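Have a look at coords_16.txt; it's compact mmCIF, C-alpha atoms and all ligand atoms:
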```txt
# COMPACT_ATOMS: atom_id res chain seq x y z
CA MET A 1 99.37 101.28 106.89
CA ALA A 2 100.79 100.81 103.40
CA ASN A 3 99.02 99.16 100.46
CA THR A 4 97.17 96.25 102.01
CA ILE A 5 95.22 93.45 100.35
CA LEU A 6 92.50 91.86 102.43
CA VAL A 7 91.31 88.41 101.34
CA GLY A 8 88.99 85.71 102.62
CA ALA A 9 91.00 82.62 103.61
CA GLN A 10 88.04 80.21 103.42
CA TRP A 11 84.88 79.91 101.31
CA GLY A 12 83.68 83.50 101.63
CA ASP A 13 81.59 85.15 104.37
CA GLU A 14 84.59 85.28 106.70
CA GLY A 15 83.44 88.61 108.13
CA LYS A 16 85.58 90.66 105.77
CA GLY A 17 83.15 93.60 105.81
CA LYS A 18 83.72 94.27 109.48
CA ILE A 19 87.51 93.88 109.32
CA ILE A 20 87.69 96.12 106.24
CA ASP A 21 85.66 98.72 108.12
CA VAL A 22 88.06 98.54 111.07
CA LEU A 23 91.19 98.76 108.86
CA THR A 24 89.71 101.56 106.76
CA GLU A 25 90.32 103.94 109.62
CA ASN A 26 93.96 104.04 108.53
CA ALA A 27 93.42 103.90 104.76
CA ASP A 28 92.84 106.75 102.32
CA ILE A 29 91.35 104.68 99.55
CA VAL A 30 89.39 101.41 99.54
CA VAL A 31 89.27 99.42 96.28
CA ARG A 32 87.00 96.51 95.33
CA TYR A 33 88.84 94.45 92.74
CA ALA A 34 86.77 91.33 91.97
CA GLY A 35 83.31 89.81 92.01
CA GLY A 36 80.03 91.63 91.70
CA ASN A 37 76.81 91.96 93.65
CA ASN A 38 77.07 88.27 94.55
CA ALA A 39 79.05 89.62 97.52
CA GLY A 40 77.37 90.83 100.68
CA HIS A 41 79.53 92.65 103.19
CA THR A 42 77.77 93.32 106.47
CA VAL A 43 78.92 96.14 108.73
CA PHE A 44 77.32 97.26 112.01
CA ILE A 45 77.90 100.79 113.22
CA GLY A 46 76.17 101.17 116.52
CA LYS A 47 72.82 99.43 116.06
CA GLN A 48 72.62 100.30 112.35
CA LYS A 49 73.25 97.41 109.97
CA TYR A 50 74.68 98.13 106.49
CA VAL A 51 74.88 95.45 103.80
CA LEU A 52 77.12 96.37 100.89
CA HIS A 53 77.19 94.44 97.65
CA LEU A 54 79.24 96.50 95.19
CA VAL A 55 80.19 99.67 97.01
CA PRO A 56 83.39 99.27 99.06
CA SER A 57 82.83 99.25 102.83
CA GLY A 58 85.03 102.38 103.11
CA ILE A 59 81.96 104.41 102.13
CA LEU A 60 80.81 104.21 105.76
CA ARG A 61 83.73 106.36 106.93
CA LYS A 62 84.12 110.03 106.17
CA LYS A 63 86.78 111.30 103.76
CA LYS A 64 87.66 107.91 102.29
CA LEU A 65 87.75 107.46 98.56
CA CYS A 66 86.04 104.26 97.38
CA VAL A 67 86.92 102.70 94.05
CA ILE A 68 85.14 99.94 92.18
CA GLY A 69 87.99 98.55 90.09
CA ASN A 70 88.17 97.15 86.59
CA GLY A 71 88.07 93.55 87.88
CA VAL A 72 84.54 93.91 89.23
CA VAL A 73 81.42 93.11 87.20
CA ILE A 74 78.72 95.68 87.79
CA ASP A 75 74.97 95.34 87.68
CA PRO A 76 74.23 99.04 87.05
CA VAL A 77 70.61 98.83 88.20
CA GLY A 78 71.77 97.09 91.38
CA LEU A 79 74.46 99.70 91.93
CA VAL A 80 71.99 102.59 91.53
CA ASP A 81 69.69 100.91 94.09
CA GLU A 82 72.58 100.33 96.48
CA ILE A 83 73.63 104.00 96.27
CA LYS A 84 70.01 105.08 96.87
CA GLY A 85 69.74 102.73 99.87
CA LEU A 86 72.95 104.08 101.40
CA ARG A 87 71.85 107.68 100.91
CA LYS A 88 68.54 106.86 102.60
CA LEU A 89 70.54 105.73 105.63
CA GLY A 90 72.37 109.06 105.64
CA VAL A 91 75.60 107.80 104.02
CA LYS A 92 77.25 110.29 101.68
CA VAL A 93 77.76 108.84 98.19
CA GLY A 94 79.13 111.40 95.74
CA ASP A 95 82.67 112.27 94.81
CA ASN A 96 83.84 109.68 97.36
CA LEU A 97 82.89 106.89 94.92
CA VAL A 98 84.62 106.23 91.60
CA VAL A 99 83.77 103.39 89.22
CA SER A 100 86.20 101.99 86.67
CA GLU A 101 85.25 102.66 83.07
CA THR A 102 86.62 99.26 82.08
CA ALA A 103 84.60 97.25 84.60
CA HIS A 104 82.19 94.93 82.79
CA VAL A 105 78.43 95.30 82.96
CA VAL A 106 76.09 92.53 84.13
CA LEU A 107 73.02 92.38 81.89
CA PRO A 108 69.65 90.66 82.36
CA TYR A 109 70.64 87.88 79.93
CA HIS A 110 73.57 87.04 82.23
CA ARG A 111 71.18 86.56 85.15
CA GLU A 112 68.77 84.55 83.01
CA LEU A 113 71.59 82.32 81.68
CA ASP A 114 72.96 81.87 85.20
CA ALA A 115 69.56 80.55 86.33
CA GLN A 116 69.04 78.37 83.24
CA ARG A 117 72.49 76.77 83.48
CA GLU A 118 71.84 75.88 87.10
CA VAL A 119 68.60 74.15 86.08
CA LEU A 120 70.41 72.25 83.31
CA LYS A 121 73.10 71.08 85.73
CA GLY A 122 70.44 69.44 87.93
CA LYS A 123 72.04 67.77 90.94
CA ASN A 124 75.46 69.04 89.86
CA LYS A 125 74.40 72.66 90.20
CA ILE A 126 76.87 75.14 91.72
CA GLY A 127 74.32 76.89 93.91
CA THR A 128 75.17 80.32 92.49
CA THR A 129 73.70 83.57 93.78
CA LYS A 130 71.89 83.89 90.41
CA ARG A 131 73.29 87.40 89.96
CA GLY A 132 74.63 86.60 86.47
CA ILE A 133 78.25 86.67 87.63
CA GLY A 134 79.52 83.59 85.74
CA PRO A 135 78.00 84.55 82.36
CA ALA A 136 79.21 88.16 82.74
CA TYR A 137 82.82 87.08 83.33
CA GLY A 138 82.34 84.52 80.53
CA ASP A 139 81.45 87.32 78.10
CA LYS A 140 84.44 89.34 79.30
CA ALA A 141 86.79 86.45 78.50
CA ALA A 142 85.01 85.83 75.18
CA ARG A 143 85.48 89.54 74.35
CA VAL A 144 81.79 90.19 73.84
CA GLY A 145 81.15 92.02 77.11
CA LEU A 146 79.84 95.56 77.50
CA ARG A 147 81.78 97.83 79.82
CA MET A 148 80.95 100.88 81.91
CA ILE A 149 82.63 103.01 79.23
CA ASP A 150 79.96 101.71 76.82
CA LEU A 151 77.11 102.16 79.29
CA VAL A 152 77.79 105.87 79.70
CA ASN A 153 77.85 106.35 75.92
CA PRO A 154 74.14 105.80 75.06
CA LYS A 155 74.55 105.52 71.29
CA ARG A 156 77.39 103.04 71.44
CA PHE A 157 75.65 101.06 74.19
CA GLU A 158 72.48 100.78 72.11
CA GLU A 159 74.36 99.40 69.09
CA LYS A 160 76.30 96.84 71.09
CA LEU A 161 73.32 95.82 73.22
CA ARG A 162 71.15 95.19 70.13
CA LEU A 163 73.60 92.56 68.88
CA ARG A 164 74.11 90.97 72.27
CA ILE A 165 70.37 90.68 72.97
CA LYS A 166 69.82 89.15 69.53
CA GLU A 167 72.39 86.41 70.17
CA ASN A 168 71.39 85.79 73.78
CA ASN A 169 67.69 85.61 72.94
CA GLU A 170 68.48 82.77 70.52
CA VAL A 171 70.22 80.93 73.35
CA LEU A 172 67.43 81.66 75.83
CA ARG A 173 64.79 80.40 73.37
CA ALA A 174 66.80 77.22 72.81
CA LEU A 175 66.85 76.68 76.57
CA GLY A 176 63.08 77.16 76.73
CA ALA A 177 63.34 80.51 78.51
CA LYS A 178 61.56 83.76 77.68
CA PRO A 179 63.50 86.10 75.37
CA LEU A 180 64.27 89.61 76.62
CA SER A 181 62.79 92.83 75.26
CA PHE A 182 65.59 94.91 73.78
CA LYS A 183 63.58 98.10 74.29
CA GLN A 184 62.92 97.42 77.93
CA VAL A 185 66.52 96.49 78.76
CA LEU A 186 67.78 99.53 76.86
CA LYS A 187 65.43 101.86 78.75
CA GLU A 188 66.42 100.45 82.13
CA TYR A 189 70.15 100.54 81.39
CA HIS A 190 70.07 104.00 79.79
CA ALA A 191 68.48 105.31 82.98
CA ALA A 192 71.07 103.57 85.18
CA GLY A 193 73.91 104.75 82.89
CA LYS A 194 72.74 108.33 83.24
CA GLN A 195 72.76 108.09 87.02
CA LEU A 196 76.17 106.41 87.15
CA LYS A 197 77.96 108.61 84.58
CA PRO A 198 79.32 111.05 87.19
CA PHE A 199 81.04 108.20 89.02
CA VAL A 200 82.75 106.62 85.99
CA ALA A 201 86.45 107.36 85.41
CA ASN A 202 89.87 105.94 84.59
CA THR A 203 90.55 104.41 88.00
CA VAL A 204 94.00 103.05 87.07
CA VAL A 205 95.37 106.55 86.47
CA LEU A 206 93.53 107.83 89.54
CA LEU A 207 95.06 105.15 91.81
CA HIS A 208 98.57 105.82 90.52
CA GLN A 209 98.17 109.54 91.08
CA ALA A 210 97.01 108.79 94.62
CA MET A 211 100.00 106.53 95.26
CA ARG A 212 102.36 109.28 94.08
CA ARG A 213 100.73 111.52 96.71
CA GLY A 214 101.51 108.82 99.29
CA ASP A 215 97.96 107.64 99.87
CA ASN A 216 97.40 104.26 101.54
CA ILE A 217 95.19 101.83 99.69
CA LEU A 218 93.16 98.97 101.12
CA PHE A 219 92.18 96.34 98.55
CA GLU A 220 88.89 94.82 99.63
CA GLY A 221 88.62 91.18 98.62
CA ALA A 222 85.22 89.64 98.00
CA GLN A 223 84.24 85.96 98.36
CA GLY A 224 87.06 83.69 99.54
CA THR A 225 90.15 81.76 98.45
CA PHE A 226 88.28 78.52 97.75
CA LEU A 227 85.78 80.31 95.52
CA ASP A 228 88.62 81.59 93.29
CA ILE A 229 88.21 80.60 89.65
CA ASP A 230 91.82 79.29 89.54
CA HIS A 231 92.56 78.24 93.11
CA GLY A 232 89.13 77.26 94.40
CA THR A 233 87.20 74.00 94.38
CA TYR A 234 86.41 74.20 90.66
CA PRO A 235 83.73 74.06 89.30
CA PHE A 236 82.11 75.01 92.64
CA VAL A 237 83.60 78.48 92.56
CA THR A 238 82.75 81.98 91.50
CA SER A 239 84.13 83.35 88.23
CA SER A 240 86.79 85.83 89.34
CA ASN A 241 90.22 85.79 90.98
CA THR A 242 89.24 86.38 94.57
CA THR A 243 92.80 85.72 95.79
CA ALA A 244 95.50 88.36 96.35
CA GLY A 245 96.75 88.28 92.75
CA GLY A 246 93.32 89.50 91.66
CA ALA A 247 93.97 92.77 93.51
CA SER A 248 96.61 93.69 90.94
CA THR A 249 94.79 92.61 87.81
CA GLY A 250 91.48 93.92 89.14
CA SER A 251 92.81 97.40 89.93
CA GLY A 252 95.86 98.07 87.75
CA VAL A 253 98.15 98.44 90.77
CA ALA A 254 101.24 96.31 90.14
CA PRO A 255 102.22 93.46 92.51
CA ASN A 256 105.43 95.23 93.58
CA LYS A 257 103.33 98.12 94.92
CA MET A 258 101.57 95.83 97.41
CA ASP A 259 102.96 95.76 100.94
CA GLU A 260 100.90 93.36 102.96
CA VAL A 261 98.22 90.70 102.74
CA VAL A 262 95.70 90.23 105.54
CA GLY A 263 93.73 86.98 105.55
CA VAL A 264 90.35 86.89 107.24
CA MET A 265 89.04 83.59 108.56
CA LYS A 266 86.28 82.52 110.88
CA ALA A 267 87.11 80.53 114.00
CA TYR A 268 85.17 77.74 112.27
CA THR A 269 84.27 77.14 108.61
CA THR A 270 81.21 77.98 106.52
CA ARG A 271 80.20 77.72 102.89
CA VAL A 272 77.10 78.74 100.90
CA GLY A 273 76.17 76.85 97.77
CA GLU A 274 77.27 73.42 96.61
CA GLY A 275 80.72 71.84 96.52
CA PRO A 276 83.07 70.05 98.91
CA LEU A 277 83.39 71.15 102.54
CA PRO A 278 85.51 68.49 104.27
CA THR A 279 84.82 69.54 107.88
CA GLU A 280 81.04 70.01 107.47
CA ASN A 281 79.28 69.07 110.68
CA ALA A 282 75.58 69.03 111.53
CA GLU A 283 76.11 69.64 115.24
CA ILE A 284 77.98 72.91 114.81
CA ALA A 285 75.58 73.96 112.03
CA ASP A 286 72.59 73.46 114.36
CA LEU A 287 74.33 75.34 117.14
CA LEU A 288 75.22 78.36 114.96
CA HIS A 289 71.87 78.49 113.15
CA GLY A 290 70.14 78.18 116.52
CA MET A 291 72.02 81.30 117.62
CA GLY A 292 70.56 83.06 114.55
CA ARG A 293 73.96 83.13 112.86
CA GLU A 294 75.23 82.03 109.46
CA PHE A 295 72.51 83.09 107.09
CA GLY A 296 73.79 84.59 103.80
CA ALA A 297 73.80 88.40 103.43
CA THR A 298 73.00 88.29 99.69
CA THR A 299 70.56 85.41 99.33
CA GLY A 300 69.49 84.71 102.93
CA ARG A 301 70.43 81.04 102.48
CA ALA A 302 71.51 79.12 105.58
CA ARG A 303 75.27 78.62 105.35
CA ARG A 304 76.75 75.16 105.67
CA CYS A 305 78.99 75.00 108.75
CA GLY A 306 81.93 72.93 109.92
CA TRP A 307 84.99 72.83 112.14
CA PHE A 308 88.03 74.99 111.46
CA ASP A 309 89.99 73.53 108.56
CA SER A 310 93.67 74.40 108.84
CA VAL A 311 94.56 72.44 105.70
CA ALA A 312 92.44 74.92 103.76
CA THR A 313 93.67 78.05 105.59
CA ARG A 314 97.31 76.93 105.24
CA HIS A 315 96.71 76.52 101.53
CA ALA A 316 95.18 80.01 101.51
CA THR A 317 98.33 81.41 103.14
CA MET A 318 100.34 79.83 100.36
CA VAL A 319 98.37 81.15 97.38
CA ASN A 320 97.69 84.61 98.83
CA GLY A 321 100.96 85.22 100.69
CA ILE A 322 99.02 86.01 103.85
CA ASP A 323 101.16 87.93 106.36
CA LYS A 324 98.60 88.68 109.04
CA LEU A 325 95.41 87.02 110.18
CA ALA A 326 92.12 88.38 111.40
CA VAL A 327 90.04 85.67 113.10
CA THR A 328 86.34 86.47 113.29
CA ASN A 329 83.32 84.97 115.06
CA LEU A 330 85.33 83.59 117.95
CA ASP A 331 82.22 84.13 120.11
CA GLY A 332 80.36 81.58 117.94
CA LEU A 333 82.32 78.85 119.73
CA ASP A 334 81.72 80.15 123.26
CA THR A 335 79.42 77.31 124.27
CA VAL A 336 81.13 74.41 122.51
CA GLU A 337 82.34 71.60 124.78
CA THR A 338 85.12 70.18 122.60
CA ILE A 339 86.31 72.09 119.56
CA LYS A 340 87.77 70.19 116.63
CA VAL A 341 90.38 71.47 114.19
CA CYS A 342 91.21 69.66 110.98
CA VAL A 343 94.98 69.27 110.52
CA ALA A 344 95.11 66.92 107.51
CA TYR A 345 92.84 65.02 105.13
CA ARG A 346 92.78 61.29 104.66
CA HIS A 347 91.74 59.85 101.29
CA GLY A 348 92.08 56.09 101.19
CA ARG A 349 95.73 55.53 102.00
CA ALA A 350 96.76 59.03 100.98
CA ARG A 351 97.19 61.84 103.49
CA TYR A 352 96.95 65.42 102.28
CA ASP A 353 98.33 68.50 103.99
CA PHE A 354 97.20 70.72 101.10
CA VAL A 355 93.86 71.01 99.30
CA PRO A 356 93.66 68.54 96.41
CA ASN A 357 92.63 70.13 93.11
CA ASP A 358 89.96 67.60 92.19
CA ALA A 359 86.65 68.59 93.82
CA GLN A 360 85.53 64.94 93.82
CA THR A 361 88.67 63.85 95.69
CA LEU A 362 88.22 66.69 98.17
CA ALA A 363 84.59 65.70 98.72
CA GLU A 364 85.74 62.17 99.57
CA CYS A 365 88.43 63.34 102.03
CA GLU A 366 88.04 62.51 105.71
CA PRO A 367 89.35 65.18 108.07
CA VAL A 368 92.01 64.28 110.62
CA TYR A 369 91.13 66.25 113.75
CA VAL A 370 92.87 67.48 116.86
CA GLU A 371 90.68 68.55 119.78
CA PHE A 372 90.65 71.65 121.97
CA GLU A 373 88.79 72.12 125.21
CA GLY A 374 86.08 74.76 124.97
CA TRP A 375 86.27 77.88 127.17
CA HIS A 376 82.56 78.00 128.15
CA THR A 377 82.73 81.75 128.75
CA PRO A 378 81.14 84.54 126.71
CA THR A 379 83.88 86.37 124.80
CA ASP A 380 81.74 89.11 123.24
CA LYS A 381 82.56 91.58 126.01
CA ALA A 382 86.33 91.05 125.80
CA ARG A 383 88.17 94.11 124.50
CA SER A 384 91.77 93.01 124.92
CA TRP A 385 93.86 89.88 124.51
CA LYS A 386 94.13 89.59 128.29
CA GLN A 387 90.35 89.66 128.71
CA LEU A 388 89.96 86.56 126.56
CA PRO A 389 89.72 83.24 128.43
CA PRO A 390 93.11 81.42 128.37
CA LYS A 391 91.59 78.50 126.44
CA ALA A 392 90.29 80.88 123.77
CA ARG A 393 93.74 82.46 123.49
CA ALA A 394 95.31 79.01 123.16
CA TYR A 395 92.81 78.14 120.44
CA LEU A 396 93.50 81.35 118.50
CA LYS A 397 97.25 80.87 118.76
CA ALA A 398 96.96 77.28 117.57
CA ILE A 399 94.82 78.02 114.51
CA ALA A 400 97.09 80.93 113.51
CA GLU A 401 100.16 78.73 113.87
CA LEU A 402 98.55 75.94 111.84
CA THR A 403 97.57 78.50 109.19
CA GLY A 404 101.14 79.78 109.04
CA ALA A 405 100.63 83.51 109.56
CA LYS A 406 100.73 86.04 112.35
CA LEU A 407 97.60 86.56 114.42
CA ALA A 408 96.80 90.29 114.29
CA ILE A 409 93.09 90.66 115.03
CA ALA A 410 90.46 88.64 116.88
CA SER A 411 86.84 89.64 116.46
CA VAL A 412 84.23 88.75 119.08
CA GLY A 413 81.13 90.35 117.58
CA PRO A 414 79.86 92.46 114.72
CA SER A 415 80.48 95.96 116.07
CA ARG A 416 83.66 98.01 115.67
CA ASP A 417 84.57 97.89 119.35
CA GLN A 418 84.33 94.08 119.49
CA THR A 419 87.76 93.94 117.89
CA ILE A 420 90.90 92.83 119.69
CA PHE A 421 94.28 93.83 118.27
CA VAL A 422 96.78 91.19 119.22
P1 LIG A 501 78.25 83.05 91.86
O1 LIG A 501 79.40 83.87 92.30
O2 LIG A 501 76.92 83.70 92.10
O3 LIG A 501 78.40 82.54 90.47
O4 LIG A 501 78.20 81.74 92.79
C1 LIG A 501 79.22 80.74 92.74
C2 LIG A 501 79.49 80.15 94.11
O5 LIG A 501 80.10 81.14 94.92
C3 LIG A 501 78.23 79.73 94.86
O6 LIG A 501 78.55 78.61 95.67
C4 LIG A 501 77.92 80.92 95.75
O7 LIG A 501 77.19 80.56 96.90
C5 LIG A 501 79.34 81.35 96.10
N1 LIG A 501 79.44 82.77 96.43
C6 LIG A 501 79.41 83.83 95.59
N2 LIG A 501 79.54 84.98 96.26
C7 LIG A 501 79.66 84.65 97.55
C8 LIG A 501 79.89 85.41 98.74
O8 LIG A 501 80.00 86.65 98.74
N3 LIG A 501 79.98 84.70 99.89
C9 LIG A 501 79.91 83.35 99.92
N4 LIG A 501 79.71 82.60 98.84
C10 LIG A 501 79.59 83.24 97.67
```
Would you mind writing the file's structure down as structure tokens?
Amino acid sequence: MANTILVGAQWGDEGKGKIIDVLTENADIVVRYAGGNNAGHTVFIGKQKYVLHLVPSGILRKKKLCVIGNGVVIDPVGLVDEIKGLRKLGVKVGDNLVVSETAHVVLPYHRELDAQREVLKGKNKIGTTKRGIGPAYGDKAARVGLRMIDLVNPKRFEEKLRLRIKENNEVLRALGAKPLSFKQVLKEYHAAGKQLKPFVANTVVLLHQAMRRGDNILFEGAQGTFLDIDHGTYPFVTSSNTTAGGASTGSGVAPNKMDEVVGVMKAYTTRVGEGPLPTENAEIADLLHGMGREFGATTGRARRCGWFDSVATRHATMVNGIDKLAVTNLDGLDTVETIKVCVAYRHGRARYDFVPNDAQTLAECEPVYVEFEGWHTPTDKARSWKQLPPKARAYLKAIAELTGAKLAIASVGPSRDQTIFV
């Protein structure tokens, strides 16, 4: 395994956590490069369930170095809690975790503004996770953000925070929200800063030193292609570059040092939050929810569900340069009579074979479907390509071909051994 970027090829929640965990076996370092604790990566090891929000999934394997890169926005209180939670479950978190000193800090006013803006938007709300992600990246771009390097320097942090709380309290008051107590925020963040100080370092230099030693790096994408701030269904997106390019900017590892891009996609489509989802379908949503599947790992919200959309995944191959595919949740379709796959969109007289940039146009698109016969056989016990029903194999081959990349992995359940290498 060389330097590999793993991205979500849909709207997030593709099952990246599990695939990252599987691929981590052959990696030395796992790097998170974008997003914040809006992400929720679920990994099962045996019967134990782990939900990771900021810490890379590599933490669950011994002797792997985990890096939270400069492109991530960090809620320090959330990160301290996550580390505590992992330690409680017996996971070692110490010198195997390093946090970039230039990663930006999420503050309580970001969360408050996130919530207030959603209220103001009314029916046009984005349906954010309310973790303050948008306002934190907004401050980064506006050059008024606080970084981890500030957080671990109490005096400097206090000075900067005082000014930021003053300005943000004015905004919060104007929006009719309660202003924040500077003292209280300072106390909470000083305590978190103290706990996180041992983890904070120059991760760019560290990663380059590791590459000189010949270490293999796995770049762990969060969210999905269509939640990317540039390439997603704007404005119904998150605020970072979730696509493969974000791995370079979010870590400081140059594009010519990347070797491979793995795209993860479900055998169907899901989305949490608002925004267009052309193949959304109540029947498949009822089926999956009835099986107890497709509830968000971060907010617990029921995910919207639809048929596999190859227009979207083909577009994802284009913007990410996906070489290999991991298809997850195949077993979710085990009982479906006739499976539909979207191969184009129709909008009035226009036919699209790519995802139109205007969210309104996309919302008005009608999917053009082809149909596949269901396999009506449980696949969760299959451990090899041969053990999969022929109709399931045909379906996997077809969606990989339509997506335009090589099928490498099929996943038939949450545990490590429910993984088929093709
Ligand atoms: P934010 O990232 O909290 O600002 O939310 C923006 C949009 O991205 C909303 O539709 C969220 O539901 C969605 N989103 C953010 N993180 C995730 C994720 O990890 N999985 C799926 N959707 C997400």
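Proximity ranking of A:Gly348, A:Gly193, A:Gly374, A:Gly8 relative to Leu79 of chain A places A:Gly193 first, based on only C-alpha atoms.
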Counting all atoms listed in the file, which residues of segment 68-140 of chain A fall within 12 Å of segment 47-60 of chain A, and what is the closest atom pair for each with its distance in Å at one decimal, ordered by chain and rising number, as JSON lines?
```
{"residue": "A:Ile68", "atom": "CA", "partner": "A:Val55", "partner_atom": "CA", "distance": 6.9}
{"residue": "A:Gly69", "atom": "CA", "partner": "A:Pro56", "partner_atom": "CA", "distance": 10.1}
{"residue": "A:Gly71", "atom": "CA", "partner": "A:Leu54", "partner_atom": "CA", "distance": 11.8}
{"residue": "A:Val72", "atom": "CA", "partner": "A:Leu54", "partner_atom": "CA", "distance": 8.4}
{"residue": "A:Val73", "atom": "CA", "partner": "A:Leu54", "partner_atom": "CA", "distance": 8.9}
{"residue": "A:Ile74", "atom": "CA", "partner": "A:Leu54", "partner_atom": "CA", "distance": 7.5}
{"residue": "A:Asp75", "atom": "CA", "partner": "A:Leu54", "partner_atom": "CA", "distance": 8.7}
{"residue": "A:Pro76", "atom": "CA", "partner": "A:Leu54", "partner_atom": "CA", "distance": 9.9}
{"residue": "A:Val77", "atom": "CA", "partner": "A:Leu54", "partner_atom": "CA", "distance": 11.3}
{"residue": "A:Gly78", "atom": "CA", "partner": "A:Leu54", "partner_atom": "CA", "distance": 8.4}
{"residue": "A:Leu79", "atom": "CA", "partner": "A:Leu54", "partner_atom": "CA", "distance": 6.6}
{"residue": "A:Val80", "atom": "CA", "partner": "A:Leu54", "partner_atom": "CA", "distance": 10.2}
{"residue": "A:Asp81", "atom": "CA", "partner": "A:His53", "partner_atom": "CA", "distance": 10.5}
{"residue": "A:Glu82", "atom": "CA", "partner": "A:Leu52", "partner_atom": "CA", "distance": 7.5}
{"residue": "A:Ile83", "atom": "CA", "partner": "A:Val55", "partner_atom": "CA", "distance": 7.9}
{"residue": "A:Lys84", "atom": "CA", "partner": "A:Val55", "partner_atom": "CA", "distance": 11.5}
{"residue": "A:Gly85", "atom": "CA", "partner": "A:Tyr50", "partner_atom": "CA", "distance": 9.5}
{"residue": "A:Leu86", "atom": "CA", "partner": "A:Tyr50", "partner_atom": "CA", "distance": 8.0}
{"residue": "A:Arg87", "atom": "CA", "partner": "A:Ile59", "partner_atom": "CA", "distance": 10.7}
{"residue": "A:Lys88", "atom": "CA", "partner": "A:Tyr50", "partner_atom": "CA", "distance": 11.4}
{"residue": "A:Leu89", "atom": "CA", "partner": "A:Tyr50", "partner_atom": "CA", "distance": 8.7}
{"residue": "A:Gly90", "atom": "CA", "partner": "A:Leu60", "partner_atom": "CA", "distance": 9.7}
{"residue": "A:Val91", "atom": "CA", "partner": "A:Leu60", "partner_atom": "CA", "distance": 6.6}
{"residue": "A:Lys92", "atom": "CA", "partner": "A:Ile59", "partner_atom": "CA", "distance": 7.5}
{"residue": "A:Val93", "atom": "CA", "partner": "A:Ile59", "partner_atom": "CA", "distance": 7.3}
{"residue": "A:Gly94", "atom": "CA", "partner": "A:Ile59", "partner_atom": "CA", "distance": 9.9}
{"residue": "A:Asp95", "atom": "CA", "partner": "A:Ile59", "partner_atom": "CA", "distance": 10.8}
{"residue": "A:Asn96", "atom": "CA", "partner": "A:Ile59", "partner_atom": "CA", "distance": 7.4}
{"residue": "A:Leu97", "atom": "CA", "partner": "A:Ile59", "partner_atom": "CA", "distance": 7.7}
{"residue": "A:Val98", "atom": "CA", "partner": "A:Val55", "partner_atom": "CA", "distance": 9.6}
{"residue": "A:Val99", "atom": "CA", "partner": "A:Val55", "partner_atom": "CA", "distance": 9.3}
{"residue": "A:Ala103", "atom": "CA", "partner": "A:Leu54", "partner_atom": "CA", "distance": 11.9}
{"residue": "A:Arg131", "atom": "CA", "partner": "A:His53", "partner_atom": "CA", "distance": 11.1}
```
Kindly export the residues of the current selection with C-alpha atoms, as an mmCIF file, in the frame of the given file.
```
data_model
loop_
_atom_site.group_PDB
_atom_site.id
_atom_site.type_symbol
_atom_site.label_atom_id
_atom_site.label_comp_id
_atom_site.auth_asym_id
_atom_site.auth_seq_id
_atom_site.Cartn_x
_atom_site.Cartn_y
_atom_site.Cartn_z
ATOM 1 C CA ILE A 68 85.140 99.940 92.180
ATOM 2 C CA GLY A 69 87.990 98.550 90.090
ATOM 3 C CA GLY A 71 88.070 93.550 87.880
ATOM 4 C CA VAL A 72 84.540 93.910 89.230
ATOM 5 C CA VAL A 73 81.420 93.110 87.200
ATOM 6 C CA ILE A 74 78.720 95.680 87.790
ATOM 7 C CA ASP A 75 74.970 95.340 87.680
ATOM 8 C CA PRO A 76 74.230 99.040 87.050
ATOM 9 C CA VAL A 77 70.610 98.830 88.200
ATOM 10 C CA GLY A 78 71.770 97.090 91.380
ATOM 11 C CA LEU A 79 74.460 99.700 91.930
ATOM 12 C CA VAL A 80 71.990 102.590 91.530
ATOM 13 C CA ASP A 81 69.690 100.910 94.090
ATOM 14 C CA GLU A 82 72.580 100.330 96.480
ATOM 15 C CA ILE A 83 73.630 104.000 96.270
ATOM 16 C CA LYS A 84 70.010 105.080 96.870
ATOM 17 C CA GLY A 85 69.740 102.730 99.870
ATOM 18 C CA LEU A 86 72.950 104.080 101.400
ATOM 19 C CA ARG A 87 71.850 107.680 100.910
ATOM 20 C CA LYS A 88 68.540 106.860 102.600
ATOM 21 C CA LEU A 89 70.540 105.730 105.630
ATOM 22 C CA GLY A 90 72.370 109.060 105.640
ATOM 23 C CA VAL A 91 75.600 107.800 104.020
ATOM 24 C CA LYS A 92 77.250 110.290 101.680
ATOM 25 C CA VAL A 93 77.760 108.840 98.190
ATOM 26 C CA GLY A 94 79.130 111.400 95.740
ATOM 27 C CA ASP A 95 82.670 112.270 94.810
ATOM 28 C CA ASN A 96 83.840 109.680 97.360
ATOM 29 C CA LEU A 97 82.890 106.890 94.920
ATOM 30 C CA VAL A 98 84.620 106.230 91.600
ATOM 31 C CA VAL A 99 83.770 103.390 89.220
ATOM 32 C CA ALA A 103 84.600 97.250 84.600
ATOM 33 C CA ARG A 131 73.290 87.400 89.960
#
```
Handout entry: Distance filter 6 Å around ligand LIG 501 (chain A), atoms: all atoms listed in the file, out as a count of residues only
Key = 21
Handout entry: Nearby residues (only C-alpha atoms) at most 10 Å from Asn216 of chain A, same-chain spacing under 3 positions excluded, as a ChimeraX atom specification
Key = /A:1-4,24,26-30,210-211,213,219
Practice task
Find the residues around Ser251 of chain A up to 12 Å (all atoms listed in the file counted), leave out those fewer than 6 positions away in its own chain, and share them as a ChimeraX atom specification.
Solution key: /A:5,30-34,67-72,99-103,202-208,217-221,241,244-245,257-258
Handout entry: Closest of A:Leu333, A:Val319, A:Ala136, A:Leu277 to Val105 of chain A - atom-to-atom distances counting all atoms listed in the file
Key = A:Ala136
As AutoDock Vina command-line options, please report the centre and edge lengths, rounded to one decimal in Å, of the axis-aligned box that holds all listed atoms of segment 136-143 of chain A with 6 Å of padding on each of the six sides.
```
--center_x 83.0 --center_y 87.0 --center_z 78.8 --size_x 19.6 --size_y 17.0 --size_z 21.0
```
